[in-house]
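Notes for the one structure printed next.
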Amino acid sequence: MDQQIVNAIFIGSIYALFAVGYTLVFGILDILNLAHSAVFMLGAALTYSLVVNHGQSFWVACVLGIAASAFMGLVIEYVCLRPLRRRQAPPIAALISTIGLALIIVAVIEQGTQGSLFQWLWVDGANSVAFPAGTVPNPIWHVGDLTLEARKVAIIPITLALMLLLGYVMRYTQVGRGLRAVAENPRAARLMGLDVDRMIALTLVISSALGGLAGILFGVAIGDISPYIGRDNVEVRGLAVIVLGGMGSIPGAVAGGYLLGIVEVLALVTLGGSASGGVAFAALFLMLVLRPQGFFGTRLRERI
Amino acid sequence: MDFFIQLFTDPVLFWNSHTLLISQIGINGIIATSMFLVLYSGQLSLAAPGFMAIGAYTSVLMELYWHTPLSVNIVAGTLLAAGGGVLVGLPVLRLRGVFLAIATIGFVEALRLGVILNVPITGEGLGLKHTADPLGGVPMILVSLVVVVFLVWRLTKGRLGSAWAAIRQDEIAALSQGISVARYKMIAFIFSALLAGYAGALEAHLTFIVSPGDEQYGVTRAVQVLTFAVLGGSGFVLGPVAGALIITLLPYIFLQAGPYLNVFSGVFLIAVIVFRPQGIVGRGGLAIVRPSWWPRARTRAPSPG
């Protein structure tokens with residue numbers, strides 16, 4: 001049981017890191033970026049590919065993987081979001097264009113096999129792979145009857161440090177003030193001389209970099225990298241997390257991530273494996289019905 | 001290309017060799033109409049796959065356990081889905097926009113993962129096999145589609161439709177005009193559940209098995225149904241139906257793409273939505289093929305968001 005709780009915290013950290021990207025974009029644009037889970041997958045897949053197929057060291061691969069994810073953020077903005085903003089399309093249209101991009105990313109990785117067009121990107125097709133042992137140093141500690149693996153434990157400080165950094169940037173820096181201004185009122189922000197488009201591009205870059213990093217951490221800790229990890233593990237759970245914490249709230253997403261991890265583990269322990277899948281969604285449904293602003297949401301009146 | 005050439009050169013053979021595809025188009029059209037109803041009344045509900053599952057499983061279970069005739073089963077499935085619509089609609093309809101979408105996704109997945117996969121009577125992960133003949137065939141489905149589309153179109157032209165349009169455009173203004181927003185939203189939601197249940201019950205009888213896959217009754221399906229409506233355009237009832245037709249045919253349109261089908265589908269989705277955010281069938285008809293001298297429709301019906 002204790003071990004389960006510890007695992008819940010590990011997986012919860014990944015949910016949190018992933019969901020912060022979701023919530024950042026939602027908070028600023030009021031748009032659900034459904035390509036986020038594909039970026040999560042891309043980060044993990046590219047890093048794996050660089051380590052195993054291109055013989056790079058893990059750290060170089062990590063940096064390149066995150067850079068590629070950040071670049072995908074720009075692609076999302078320039079291909080899926082900006083043209084729609086120009087045409088003043090309803091937010092629902094952005095849902096479809098980001099789904100389209102997610103389809104493309106997943107299909108490209110899925111088709112990456114030896115000898116195919118995309119073999120430089122990925123060679124394992126639809127298979128699930130894991131980093132070879134020894135890619136990252138992985139000492140194992142035993143505390144009481146808990147087993148702690150470094151590759152999993154490391155997620156927690158990384159997540160918390162990044163969240164603190166992000167919180168600091170959002171709250172105290174010029175850029176953060178700009179982002180919050182755009183979130184509050186894009187037109188007023190533009191009148192105050194802010195380059196709103198650039199702020200939005202920056203949001204997507206930060207969001208996607210965090211999403212890619214979450215994917216890499218998932219790949220390292222869970223040892224499951226396939227074209228479908230985004231869709232199967234975090235896509236809808238990410239929604240649950242940001243709803244639990246309150247849409248658009250960064251601390252809320254972090255708390256929601258841990259909360260969802262723990263709820264899932266408790267459901268697994270008390271209800272058994274098969275029923276636990278539905279619990280996250282039942283919790284999501286109940287949360288929205290009973291307290292739609294989430295645990296941390298405040299700006300509800302104008303949004304909902 | 002052969003696929004489309006055959007459609008024109010040998011329609012009879014085309015019809016006979018693609019009955020399953022044509023039926024699927026008809027059923028997706030009905031689901032798209034169900035999606036249209038909620039969007040038309042300003043509600044971004046993604047609950048359709050949940051109601052489809054209710055319709056499908058009810059009709060198949062009645063057939064397996066009570067051996068009632070097919071028509072009775074389908075009607076029962078449809079009505080039960082509408083009942084589900086009442087139960088789900090009551091708590092969630094005070095939510096708006098993305099919040100409603102997420103809550104309904106919660107319902108869909110809780111039903112699929114929590115109930116269907118865990119209650120032994122539904123066959124859990126394996127699904128249910130049944131032996132009923134796959135309906136009266138394609139004509140029945142296509143006739144259903146035409147009737148459904150016609151009825152929904154009539155609804156949108158009447159009192160109900162005006163109320164829905166008012167709610168979609170500005171809920172507070174509608175309220176101040178004395179329109180009972182909660183009631184009209186509920187009516188749209190229940191009708192939508194009813195249609196989804198009907199489509200689900202029909203779909204369960206296309207083949208001899210119902211199975212609880214994600215692409216059948218889960219989020220993937222919900223997103224697909226949303227794509228029907230948004231791609232086709234949700235201001236006019238034929239929009240979502242056109243969207244359903246195109247999306248269902250995508251694998252045939254991009255037959256040459258082979259394994260890269262999804263790459264092309266994704267590019268297609270983005271291109272359509274970027275160049276025509278209001279959908280293919282936009283405000284008041286097929287604007288993209290309409291000559292410029294054609295009189296413009298007077299009503300402006302932006303898609304909800």
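In the structure tokens, chains take the letters A, B, ... in the order shown, each chain's residues start at 1, and ligands count up from 1 in the order shown.
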10 Å contact set for A:Gly21, only C-alpha atoms, chain neighbours under 3 positions out, as an MDAnalysis selection string = chainID A and resid 16:18 24:27 33 36:37 203:212 214 238 242 248 250 253
Save the residues we just selected, N, CA and C atoms, as a PDB file, in the first residue's frame?
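This went into selection.pdb:
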ATOM      1  N   ALA A  16       1.018  16.120 -13.445  1.00  0.00           N
ATOM      2  CA  ALA A  16       1.059  17.550 -13.123  1.00  0.00           C
ATOM      3  C   ALA A  16       1.844  18.307 -14.179  1.00  0.00           C
ATOM      4  N   LEU A  17       3.035  17.777 -14.499  1.00  0.00           N
ATOM      5  CA  LEU A  17       3.895  18.447 -15.462  1.00  0.00           C
ATOM      6  C   LEU A  17       3.196  18.557 -16.814  1.00  0.00           C
ATOM      7  N   PHE A  18       2.514  17.469 -17.195  1.00  0.00           N
ATOM      8  CA  PHE A  18       1.796  17.478 -18.463  1.00  0.00           C
ATOM      9  C   PHE A  18       0.661  18.494 -18.421  1.00  0.00           C
ATOM     10  N   LEU A  24      -1.835  26.108 -18.962  1.00  0.00           N
ATOM     11  CA  LEU A  24      -1.214  27.372 -19.346  1.00  0.00           C
ATOM     12  C   LEU A  24      -1.875  27.899 -20.621  1.00  0.00           C
ATOM     13  N   VAL A  25      -2.023  27.006 -21.603  1.00  0.00           N
ATOM     14  CA  VAL A  25      -2.640  27.422 -22.861  1.00  0.00           C
ATOM     15  C   VAL A  25      -4.107  27.756 -22.642  1.00  0.00           C
ATOM     16  N   PHE A  26      -4.782  26.946 -21.840  1.00  0.00           N
ATOM     17  CA  PHE A  26      -6.194  27.238 -21.609  1.00  0.00           C
ATOM     18  C   PHE A  26      -6.358  28.560 -20.883  1.00  0.00           C
ATOM     19  N   GLY A  27      -5.503  28.789 -19.882  1.00  0.00           N
ATOM     20  CA  GLY A  27      -5.610  30.008 -19.097  1.00  0.00           C
ATOM     21  C   GLY A  27      -5.428  31.246 -19.963  1.00  0.00           C
ATOM     22  N   ASN A  33      -5.659  22.649 -26.108  1.00  0.00           N
ATOM     23  CA  ASN A  33      -4.710  22.261 -27.145  1.00  0.00           C
ATOM     24  C   ASN A  33      -4.604  20.742 -27.165  1.00  0.00           C
ATOM     25  N   HIS A  36      -1.373  18.533 -27.420  1.00  0.00           N
ATOM     26  CA  HIS A  36      -0.419  18.488 -26.318  1.00  0.00           C
ATOM     27  C   HIS A  36       0.024  17.057 -26.013  1.00  0.00           C
ATOM     28  N   SER A  37      -0.919  16.106 -26.089  1.00  0.00           N
ATOM     29  CA  SER A  37      -0.545  14.733 -25.776  1.00  0.00           C
ATOM     30  C   SER A  37       0.363  14.162 -26.868  1.00  0.00           C
ATOM     31  N   THR A 203       3.800  31.267 -24.954  1.00  0.00           N
ATOM     32  CA  THR A 203       3.020  30.358 -24.119  1.00  0.00           C
ATOM     33  C   THR A 203       3.078  28.937 -24.670  1.00  0.00           C
ATOM     34  N   LEU A 204       2.892  28.827 -25.991  1.00  0.00           N
ATOM     35  CA  LEU A 204       2.882  27.489 -26.578  1.00  0.00           C
ATOM     36  C   LEU A 204       4.247  26.838 -26.517  1.00  0.00           C
ATOM     37  N   VAL A 205       5.302  27.649 -26.649  1.00  0.00           N
ATOM     38  CA  VAL A 205       6.646  27.081 -26.548  1.00  0.00           C
ATOM     39  C   VAL A 205       6.881  26.535 -25.137  1.00  0.00           C
ATOM     40  N   ILE A 206       6.548  27.338 -24.115  1.00  0.00           N
ATOM     41  CA  ILE A 206       6.734  26.878 -22.733  1.00  0.00           C
ATOM     42  C   ILE A 206       5.898  25.632 -22.486  1.00  0.00           C
ATOM     43  N   SER A 207       4.631  25.718 -22.882  1.00  0.00           N
ATOM     44  CA  SER A 207       3.711  24.618 -22.651  1.00  0.00           C
ATOM     45  C   SER A 207       4.210  23.330 -23.299  1.00  0.00           C
ATOM     46  N   SER A 208       4.650  23.437 -24.553  1.00  0.00           N
ATOM     47  CA  SER A 208       5.071  22.239 -25.273  1.00  0.00           C
ATOM     48  C   SER A 208       6.396  21.703 -24.737  1.00  0.00           C
ATOM     49  N   ALA A 209       7.292  22.605 -24.325  1.00  0.00           N
ATOM     50  CA  ALA A 209       8.548  22.132 -23.749  1.00  0.00           C
ATOM     51  C   ALA A 209       8.262  21.327 -22.479  1.00  0.00           C
ATOM     52  N   LEU A 210       7.334  21.831 -21.643  1.00  0.00           N
ATOM     53  CA  LEU A 210       6.973  21.099 -20.427  1.00  0.00           C
ATOM     54  C   LEU A 210       6.321  19.759 -20.788  1.00  0.00           C
ATOM     55  N   GLY A 211       5.470  19.783 -21.816  1.00  0.00           N
ATOM     56  CA  GLY A 211       4.822  18.546 -22.240  1.00  0.00           C
ATOM     57  C   GLY A 211       5.836  17.521 -22.722  1.00  0.00           C
ATOM     58  N   GLY A 212       6.821  17.974 -23.534  1.00  0.00           N
ATOM     59  CA  GLY A 212       7.853  17.063 -24.022  1.00  0.00           C
ATOM     60  C   GLY A 212       8.676  16.503 -22.880  1.00  0.00           C
ATOM     61  N   ALA A 214       7.699  16.137 -19.815  1.00  0.00           N
ATOM     62  CA  ALA A 214       6.861  15.160 -19.105  1.00  0.00           C
ATOM     63  C   ALA A 214       6.909  13.817 -19.829  1.00  0.00           C
ATOM     64  N   GLY A 238      -5.146  14.337 -18.450  1.00  0.00           N
ATOM     65  CA  GLY A 238      -4.727  15.729 -18.341  1.00  0.00           C
ATOM     66  C   GLY A 238      -5.935  16.647 -18.171  1.00  0.00           C
ATOM     67  N   ILE A 242      -6.675  19.138 -14.922  1.00  0.00           N
ATOM     68  CA  ILE A 242      -6.887  20.584 -14.890  1.00  0.00           C
ATOM     69  C   ILE A 242      -8.283  20.923 -14.387  1.00  0.00           C
ATOM     70  N   GLY A 248      -7.039  26.557 -15.881  1.00  0.00           N
ATOM     71  CA  GLY A 248      -6.231  27.748 -16.025  1.00  0.00           C
ATOM     72  C   GLY A 248      -5.354  28.062 -14.824  1.00  0.00           C
ATOM     73  N   ILE A 250      -2.252  27.232 -12.423  1.00  0.00           N
ATOM     74  CA  ILE A 250      -1.036  26.417 -12.434  1.00  0.00           C
ATOM     75  C   ILE A 250      -0.876  25.626 -11.134  1.00  0.00           C
ATOM     76  N   ALA A 253      -3.214  22.787 -11.291  1.00  0.00           N
ATOM     77  CA  ALA A 253      -2.834  21.650 -12.126  1.00  0.00           C
ATOM     78  C   ALA A 253      -1.867  20.739 -11.388  1.00  0.00           C
TER      79      ALA A 253
END
Please provide as a PDB file with N, CA and C atoms, in the first residue's frame all residues within 8 Å of stretch 146-158 of chain B, with the sequence filter that same-chain residues fewer than 3 positions apart are discarded (counting only C-alpha atoms).
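File produced: part-v7.pdb:
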ATOM      1  N   ILE B  30     -26.725  10.104 -38.746  1.00  0.00           N
ATOM      2  CA  ILE B  30     -27.688  10.280 -37.652  1.00  0.00           C
ATOM      3  C   ILE B  30     -26.989  10.791 -36.399  1.00  0.00           C
ATOM      4  N   THR B  33     -26.311  14.346 -36.734  1.00  0.00           N
ATOM      5  CA  THR B  33     -27.503  15.156 -36.495  1.00  0.00           C
ATOM      6  C   THR B  33     -27.727  15.334 -34.998  1.00  0.00           C
ATOM      7  N   LEU B  37     -27.829  18.986 -32.956  1.00  0.00           N
ATOM      8  CA  LEU B  37     -28.863  19.500 -32.052  1.00  0.00           C
ATOM      9  C   LEU B  37     -28.259  20.193 -30.838  1.00  0.00           C
ATOM     10  N   LEU B 142     -30.852   4.459 -44.381  1.00  0.00           N
ATOM     11  CA  LEU B 142     -30.860   5.712 -45.144  1.00  0.00           C
ATOM     12  C   LEU B 142     -32.203   6.430 -44.998  1.00  0.00           C
ATOM     13  N   VAL B 143     -33.292   5.648 -44.976  1.00  0.00           N
ATOM     14  CA  VAL B 143     -34.596   6.281 -44.765  1.00  0.00           C
ATOM     15  C   VAL B 143     -34.616   6.940 -43.392  1.00  0.00           C
ATOM     16  N   GLY B 161     -36.565  25.906 -32.426  1.00  0.00           N
ATOM     17  CA  GLY B 161     -35.338  26.290 -33.111  1.00  0.00           C
ATOM     18  C   GLY B 161     -34.967  27.737 -32.830  1.00  0.00           C
ATOM     19  N   SER B 162     -35.989  28.605 -32.838  1.00  0.00           N
ATOM     20  CA  SER B 162     -35.694  30.016 -32.556  1.00  0.00           C
ATOM     21  C   SER B 162     -35.143  30.163 -31.150  1.00  0.00           C
ATOM     22  N   TRP B 164     -33.554  27.903 -29.424  1.00  0.00           N
ATOM     23  CA  TRP B 164     -32.178  27.372 -29.387  1.00  0.00           C
ATOM     24  C   TRP B 164     -31.201  28.366 -29.970  1.00  0.00           C
ATOM     25  N   VAL B 237     -28.489  21.995 -40.595  1.00  0.00           N
ATOM     26  CA  VAL B 237     -28.502  20.573 -40.247  1.00  0.00           C
ATOM     27  C   VAL B 237     -27.736  19.699 -41.233  1.00  0.00           C
ATOM     28  N   LEU B 238     -27.670  20.120 -42.492  1.00  0.00           N
ATOM     29  CA  LEU B 238     -26.954  19.267 -43.443  1.00  0.00           C
ATOM     30  C   LEU B 238     -25.433  19.353 -43.282  1.00  0.00           C
TER      31      LEU B 238
END
Hey, list the chain A side of the contact with chain B: 9 Å cut-off, only C-alpha atoms, answer as a ChimeraX atom specification.
-> /A:30-32,79-81,83-84,87-94,96-108,111,236,239-240,243,247,274-290,292,303-304
Extract the full set of strand (DSSP E or B) residues from stretch 21-264 of chain A according to DSSP on the backbone, and format it as a ChimeraX atom specification.
-> /A:113,124,129,140-143,146-149,225
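For the atom pair formed by atom CA of A:Asp224 and atom CA of B:Gln216, the distance is 25.1 Å, given to one decimal.
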Could you tell me how far atom CA of B:Phe191 lies from atom CA of B:Phe36, in Å and to one decimal?
->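 Separation of atom CA of B:Phe191 and atom CA of B:Phe36: 10.6 Å.
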With a distance cut-off of 8 Å and only C-alpha atoms, select the neighbouring residues of stretch 50-54 of chain A, excluding the residue or stretch itself and same-chain residues fewer than 4 positions from it, and output the selection as a list in words.
->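 Contacts, with the query itself left out: Leu46, Phe58, Ala61, Phe131 and Pro132 of chain A.
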Those of stretch 69-130 of chain B in DSSP helix (DSSP H, G or I), formatted as a PyMOL selection string | chain B and resi 70-92+97-116+120-122+124-126
Written file, previous selection with N, CA and C atoms, as a compact mmCIF listing (two decimals), in the first residue's frame:
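What landed in selection-v3.txt:
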# COMPACT_ATOMS: atom_id res chain seq x y z
N LEU B 70 -36.71 -7.24 -33.22
CA LEU B 70 -35.67 -6.22 -33.40
C LEU B 70 -36.20 -4.80 -33.24
N SER B 71 -37.38 -4.55 -33.86
CA SER B 71 -37.90 -3.18 -33.81
C SER B 71 -38.15 -2.76 -32.36
N VAL B 72 -38.70 -3.69 -31.56
CA VAL B 72 -38.95 -3.38 -30.16
C VAL B 72 -37.63 -3.06 -29.46
N ASN B 73 -36.62 -3.86 -29.74
CA ASN B 73 -35.32 -3.65 -29.09
C ASN B 73 -34.75 -2.29 -29.41
N ILE B 74 -34.86 -1.92 -30.69
CA ILE B 74 -34.27 -0.64 -31.09
C ILE B 74 -35.03 0.52 -30.45
N VAL B 75 -36.36 0.40 -30.42
CA VAL B 75 -37.15 1.46 -29.79
C VAL B 75 -36.80 1.55 -28.30
N ALA B 76 -36.67 0.39 -27.65
CA ALA B 76 -36.35 0.39 -26.22
C ALA B 76 -34.98 1.02 -25.99
N GLY B 77 -34.00 0.65 -26.82
CA GLY B 77 -32.67 1.23 -26.67
C GLY B 77 -32.70 2.74 -26.84
N THR B 78 -33.46 3.19 -27.83
CA THR B 78 -33.57 4.62 -28.10
C THR B 78 -34.17 5.35 -26.91
N LEU B 79 -35.27 4.78 -26.37
CA LEU B 79 -35.94 5.45 -25.26
C LEU B 79 -35.08 5.45 -24.01
N LEU B 80 -34.38 4.34 -23.78
CA LEU B 80 -33.53 4.28 -22.60
C LEU B 80 -32.40 5.31 -22.70
N ALA B 81 -31.88 5.48 -23.91
CA ALA B 81 -30.83 6.49 -24.10
C ALA B 81 -31.39 7.87 -23.79
N ALA B 82 -32.64 8.12 -24.23
CA ALA B 82 -33.25 9.42 -23.92
C ALA B 82 -33.39 9.58 -22.41
N GLY B 83 -33.78 8.48 -21.73
CA GLY B 83 -33.87 8.52 -20.26
C GLY B 83 -32.51 8.85 -19.66
N GLY B 84 -31.46 8.22 -20.22
CA GLY B 84 -30.11 8.54 -19.77
C GLY B 84 -29.81 10.01 -20.00
N GLY B 85 -30.33 10.55 -21.12
CA GLY B 85 -30.13 11.96 -21.41
C GLY B 85 -30.70 12.84 -20.31
N VAL B 86 -31.88 12.45 -19.80
CA VAL B 86 -32.48 13.22 -18.70
C VAL B 86 -31.56 13.18 -17.48
N LEU B 87 -31.11 11.95 -17.13
CA LEU B 87 -30.31 11.79 -15.91
C LEU B 87 -28.97 12.53 -16.01
N VAL B 88 -28.34 12.46 -17.18
CA VAL B 88 -27.05 13.14 -17.33
C VAL B 88 -27.27 14.64 -17.49
N GLY B 89 -28.32 14.99 -18.24
CA GLY B 89 -28.55 16.40 -18.53
C GLY B 89 -28.85 17.22 -17.28
N LEU B 90 -29.62 16.65 -16.37
CA LEU B 90 -30.00 17.41 -15.18
C LEU B 90 -28.79 18.00 -14.46
N PRO B 91 -27.79 17.18 -14.12
CA PRO B 91 -26.66 17.81 -13.42
C PRO B 91 -25.72 18.62 -14.31
N VAL B 92 -25.49 18.21 -15.57
CA VAL B 92 -24.38 18.86 -16.31
C VAL B 92 -24.78 20.08 -17.11
N GLY B 97 -19.62 25.58 -22.46
CA GLY B 97 -18.38 25.54 -23.24
C GLY B 97 -17.56 24.28 -22.96
N VAL B 98 -16.26 24.51 -22.82
CA VAL B 98 -15.33 23.41 -22.64
C VAL B 98 -15.65 22.60 -21.39
N PHE B 99 -16.21 23.27 -20.36
CA PHE B 99 -16.52 22.57 -19.12
C PHE B 99 -17.57 21.50 -19.37
N LEU B 100 -18.57 21.83 -20.15
CA LEU B 100 -19.59 20.85 -20.50
C LEU B 100 -18.96 19.72 -21.30
N ALA B 101 -18.08 20.08 -22.24
CA ALA B 101 -17.43 19.04 -23.05
C ALA B 101 -16.68 18.06 -22.16
N ILE B 102 -15.93 18.58 -21.20
CA ILE B 102 -15.13 17.69 -20.36
C ILE B 102 -16.02 16.85 -19.45
N ALA B 103 -17.07 17.47 -18.91
CA ALA B 103 -17.97 16.70 -18.05
C ALA B 103 -18.60 15.56 -18.82
N THR B 104 -19.00 15.83 -20.07
CA THR B 104 -19.65 14.76 -20.84
C THR B 104 -18.63 13.68 -21.23
N ILE B 105 -17.37 14.09 -21.44
CA ILE B 105 -16.34 13.07 -21.68
C ILE B 105 -16.20 12.21 -20.43
N GLY B 106 -16.27 12.86 -19.25
CA GLY B 106 -16.23 12.10 -18.00
C GLY B 106 -17.35 11.07 -17.96
N PHE B 107 -18.55 11.49 -18.35
CA PHE B 107 -19.68 10.56 -18.38
C PHE B 107 -19.42 9.40 -19.33
N VAL B 108 -18.96 9.74 -20.55
CA VAL B 108 -18.75 8.70 -21.57
C VAL B 108 -17.74 7.66 -21.09
N GLU B 109 -16.62 8.15 -20.56
CA GLU B 109 -15.58 7.19 -20.18
C GLU B 109 -15.91 6.47 -18.87
N ALA B 110 -16.60 7.15 -17.95
CA ALA B 110 -17.01 6.45 -16.72
C ALA B 110 -17.97 5.33 -17.08
N LEU B 111 -18.85 5.59 -18.04
CA LEU B 111 -19.79 4.56 -18.47
C LEU B 111 -19.05 3.39 -19.12
N ARG B 112 -18.10 3.72 -19.98
CA ARG B 112 -17.43 2.67 -20.74
C ARG B 112 -16.45 1.89 -19.85
N LEU B 113 -15.55 2.63 -19.19
CA LEU B 113 -14.51 1.94 -18.40
C LEU B 113 -15.07 1.44 -17.08
N GLY B 114 -15.96 2.22 -16.48
CA GLY B 114 -16.43 1.88 -15.14
C GLY B 114 -17.57 0.88 -15.16
N VAL B 115 -18.51 1.03 -16.08
CA VAL B 115 -19.70 0.17 -16.06
C VAL B 115 -19.58 -0.95 -17.08
N ILE B 116 -19.50 -0.59 -18.37
CA ILE B 116 -19.57 -1.63 -19.40
C ILE B 116 -18.45 -2.66 -19.25
N PRO B 120 -20.75 -8.02 -15.67
CA PRO B 120 -20.63 -9.25 -16.46
C PRO B 120 -21.66 -9.36 -17.58
N ILE B 121 -22.87 -8.80 -17.38
CA ILE B 121 -23.91 -8.98 -18.38
C ILE B 121 -23.56 -8.34 -19.72
N THR B 122 -22.66 -7.36 -19.72
CA THR B 122 -22.31 -6.70 -20.98
C THR B 122 -21.17 -7.42 -21.70
N GLU B 124 -18.28 -7.60 -20.68
CA GLU B 124 -17.05 -6.89 -20.32
C GLU B 124 -16.22 -6.52 -21.55
N GLY B 125 -14.92 -6.79 -21.49
CA GLY B 125 -14.06 -6.36 -22.59
C GLY B 125 -14.31 -7.09 -23.90
N LEU B 126 -14.90 -8.27 -23.82
CA LEU B 126 -15.07 -9.07 -25.03
C LEU B 126 -16.23 -8.60 -25.88
Residue nearest A:Arg231 - candidates A:Gly215, A:Leu194, A:Leu148, A:Pro186, atoms counted: only C-alpha atoms =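 Closest candidate: A:Gly215.
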The distance between atom CA of A:Leu244 and atom CA of A:Gly256 is 5.2 Å
